[in-house]
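S.K.: I have a structure here, written as structure tokens, and I will follow up with some questions on it.
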Amino acid sequence: MIVTTYHTENKTKTDIYCPADYNIFKSIASDGNHVIITDEKIYKLYSEAFVKHNCIIIKEGEANKNLSNIENIIQKFVTFNIDRDSLIIGFGGGLVCDIAGFAASIYMRGTPVGFVATTLLAQIDAAIGGKNGVNFNNYKNYIGNISQPQFVICDATFFKTLSNQDYMSGLGEVLKYCLISNTNLIEYFISNYNAIKERDKDVMDYIVKSCVKIKTEIVSQDTNDKGLRHILNFGHSFGHCYEIIDGLAHGIAVAKGICTAVDLSLKFGYTNTETNKQIKEIIKNAGFETEYKLDERHFDLLHKDKKKTGDYIDFVFLTEIGNPIIIKTPIDDIIKAVLEPF
């Protein structure tokens with residue numbers, strides 16, 4: 001089933017199937033030449049999905065999210081006679097989706113791409129919205145573009161094979177959606193803590209659909225990330241710093257970044273102590289640490305944040321649950337504030 005179809009300012013259309021048997025990608029790709037990009041782990045776990053399909057298997061880990069890997073993939077596109085009428089399929093988590101989307105978007109100036117998203121993080125974030133890219137040196141997603149997929153296939157059945165770290169990483173992004181949206185998602189999340197921890201399929205399918213709806217509504221209004229879409233960066237400015245410097249999984253780093261952002265919201269006077277405490281309690285009950293430590297290495301990366309303009313950054317604060325605000329703030333003021341004790 002198609003849970004939603006979103007259109008962008010660029011007049012593209014993306015069909016999102018949720019929940020859906022991942023094998024429907026075979027019918028979508030049946031009419032022409034195609035190639036699947038996946039990683040070693042997914043290739044072993046779901047080997048039956050790749051029988052009789054051209055496959056490019058990449059290594060896991062952020063260290064492989066680079067231009068050298070993209071060059072190798074494009075060389076294999078040539079070997080498989082991929083052209084602009086072919087279809088590239090990213091079958092895996094966020095890293096696979098980012099890499100497959102970027103490679104497809106630059107090959108022959110743009111080749112169609114679709115995703116079978118296998119992680120919670122990919123289903124609610126990486127596969128949705130068209131952001132593709134690779135890292136550059138120590139900087140997260142510094143080389144990339146915005147190019148929408150033709151389809152995304154999601155299903156909570158995949159979550160059964162996720163490691164605890166990968167699952168928690170997805171939940172970190174779920175918390176972001178809970179806190180920036182004025183829906184009932186936060187109440188649903190709190191009411192279903194135990195089912196979420198048990199990876200209950202019905203509960204998680206509902207959460208995925210809810211997050212997808214929130215993101216697609218934002219992307220449809222601000223496809224090219226010029227304003228409103230910045231709210232999806234809540235928790236990410238410092239989250240990316242924790243991810244790179246402390247070696248945390250993306251969503252776990254984002255949860256820590258959310259804690260930093262809500263503390264800054266209080267210090268800058270955008271929220272109150274009660275809201276700050278409430279959010280920290282929600283994050284803690286979900287199984288995340290709420291304490292954090294920062295040093296010059298983190299601050300150096302903050303100065304390289306993609307949302308910065310000169311010495312300012314479009315930082316996402318929170319006044320209350322469901323009400324994020326984007327404030328252009330001097331980076332040095334943010335660093336000064338985060339170092340100040342309460």
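Chain labels run A, B, ... following the order of the structure tokens; each chain numbers its residues from 1, and ligands are numbered from 1 in the order shown.
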So that I can check the surroundings of range 54-71 of chain A, please list as JSON, numbers by chain every protein, DNA and RNA residue that reaches within 7 Å of it, counting only C-alpha atoms and ignoring chain neighbours fewer than 2 positions away.
M.R.: {"A": [35, 36, 37, 38, 39, 40, 52, 73, 74, 75, 99, 103, 134, 135, 136]}
S.K.: Taking a cut-off of 7 Å and counting only C-alpha atoms, can you build a table that, for each residue of range 184-259 of chain A near range 8-22 of chain A, reports the nearest atom pair and how far apart they are in Å (one decimal), sorted by chain then residue number, as a Markdown table?
M.R.:
```
| residue | atom | partner | partner_atom | distance |
| --- | --- | --- | --- | --- |
| A:Asp205 | CA | A:Pro19 | CA | 6.4 |
| A:Lys209 | CA | A:Cys18 | CA | 6.8 |
| A:Val219 | CA | A:Thr8 | CA | 6.9 |
| A:Ser220 | CA | A:Thr8 | CA | 4.7 |
| A:Thr223 | CA | A:Thr8 | CA | 5.8 |
```
S.K.: Put those residues in a file: N, CA and C atoms, as a PDB file, in the first residue's frame.
M.R.:
```pdb
ATOM      1  N   ASP A 205       5.125   0.481  13.131  1.00  0.00           N
ATOM      2  CA  ASP A 205       4.593   0.906  11.833  1.00  0.00           C
ATOM      3  C   ASP A 205       3.839   2.231  11.978  1.00  0.00           C
ATOM      4  N   LYS A 209       4.944   5.720  10.117  1.00  0.00           N
ATOM      5  CA  LYS A 209       4.005   6.477   9.285  1.00  0.00           C
ATOM      6  C   LYS A 209       3.824   7.899   9.793  1.00  0.00           C
ATOM      7  N   VAL A 219       9.001  18.791   3.860  1.00  0.00           N
ATOM      8  CA  VAL A 219       9.771  18.743   2.616  1.00  0.00           C
ATOM      9  C   VAL A 219       8.967  19.310   1.453  1.00  0.00           C
ATOM     10  N   SER A 220       7.681  19.024   1.422  1.00  0.00           N
ATOM     11  CA  SER A 220       6.828  19.530   0.344  1.00  0.00           C
ATOM     12  C   SER A 220       6.784  21.056   0.325  1.00  0.00           C
ATOM     13  N   THR A 223      11.437  22.208  -0.069  1.00  0.00           N
ATOM     14  CA  THR A 223      12.231  21.117  -0.631  1.00  0.00           C
ATOM     15  C   THR A 223      13.725  21.393  -0.560  1.00  0.00           C
TER      16      THR A 223
END
```
S.K.: Would you work out the distance separating CA of Ile245 in chain A from CA of Phe317 in chain A, expressed in Å to one decimal?
M.R.: 22.5 Å
S.K.: Would you mind reading off the distance between CA of Leu175 in chain A and CA of Leu266 in chain A, one decimal, in Å?
M.R.: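 The value is 18.7 Å.
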S.K.: Which one is closest to Thr5 in chain A: A:Lys304, A:Lys26, A:Lys176, A:Lys213? Count only C-alpha atoms.
M.R.: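 Result for the nearest residue to Thr5 in chain A: A:Lys213.
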S.K.: What's the 12 Å shell around Asp202 in chain A, counting only C-alpha atoms, without same-chain residues fewer than 2 positions away, as a list in words?
M.R.: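 Listing them by chain and then by number gives Cys18, Pro19, Asp155, Ala156, Thr157, Phe159, Asn192, Ala195, Ile196, Glu198, Arg199, Asp200, Met204, Asp205, Tyr206, Ile207, Val208 and Lys209 of chain A.
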S.K.: Quick one, how far is CA of Phe342 in chain A from CA of Thr290 in chain A?
M.R.: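 Between these atoms lies a distance of 14.8 Å.
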S.K.: Which residue, A:Thr216, A:Asn272, A:Thr183, A:Thr161, has the smallest gap to Ala127 in chain A when you use only C-alpha atoms?
M.R.: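 Using only C-alpha atoms, Ala127 in chain A sits closest to A:Thr216.
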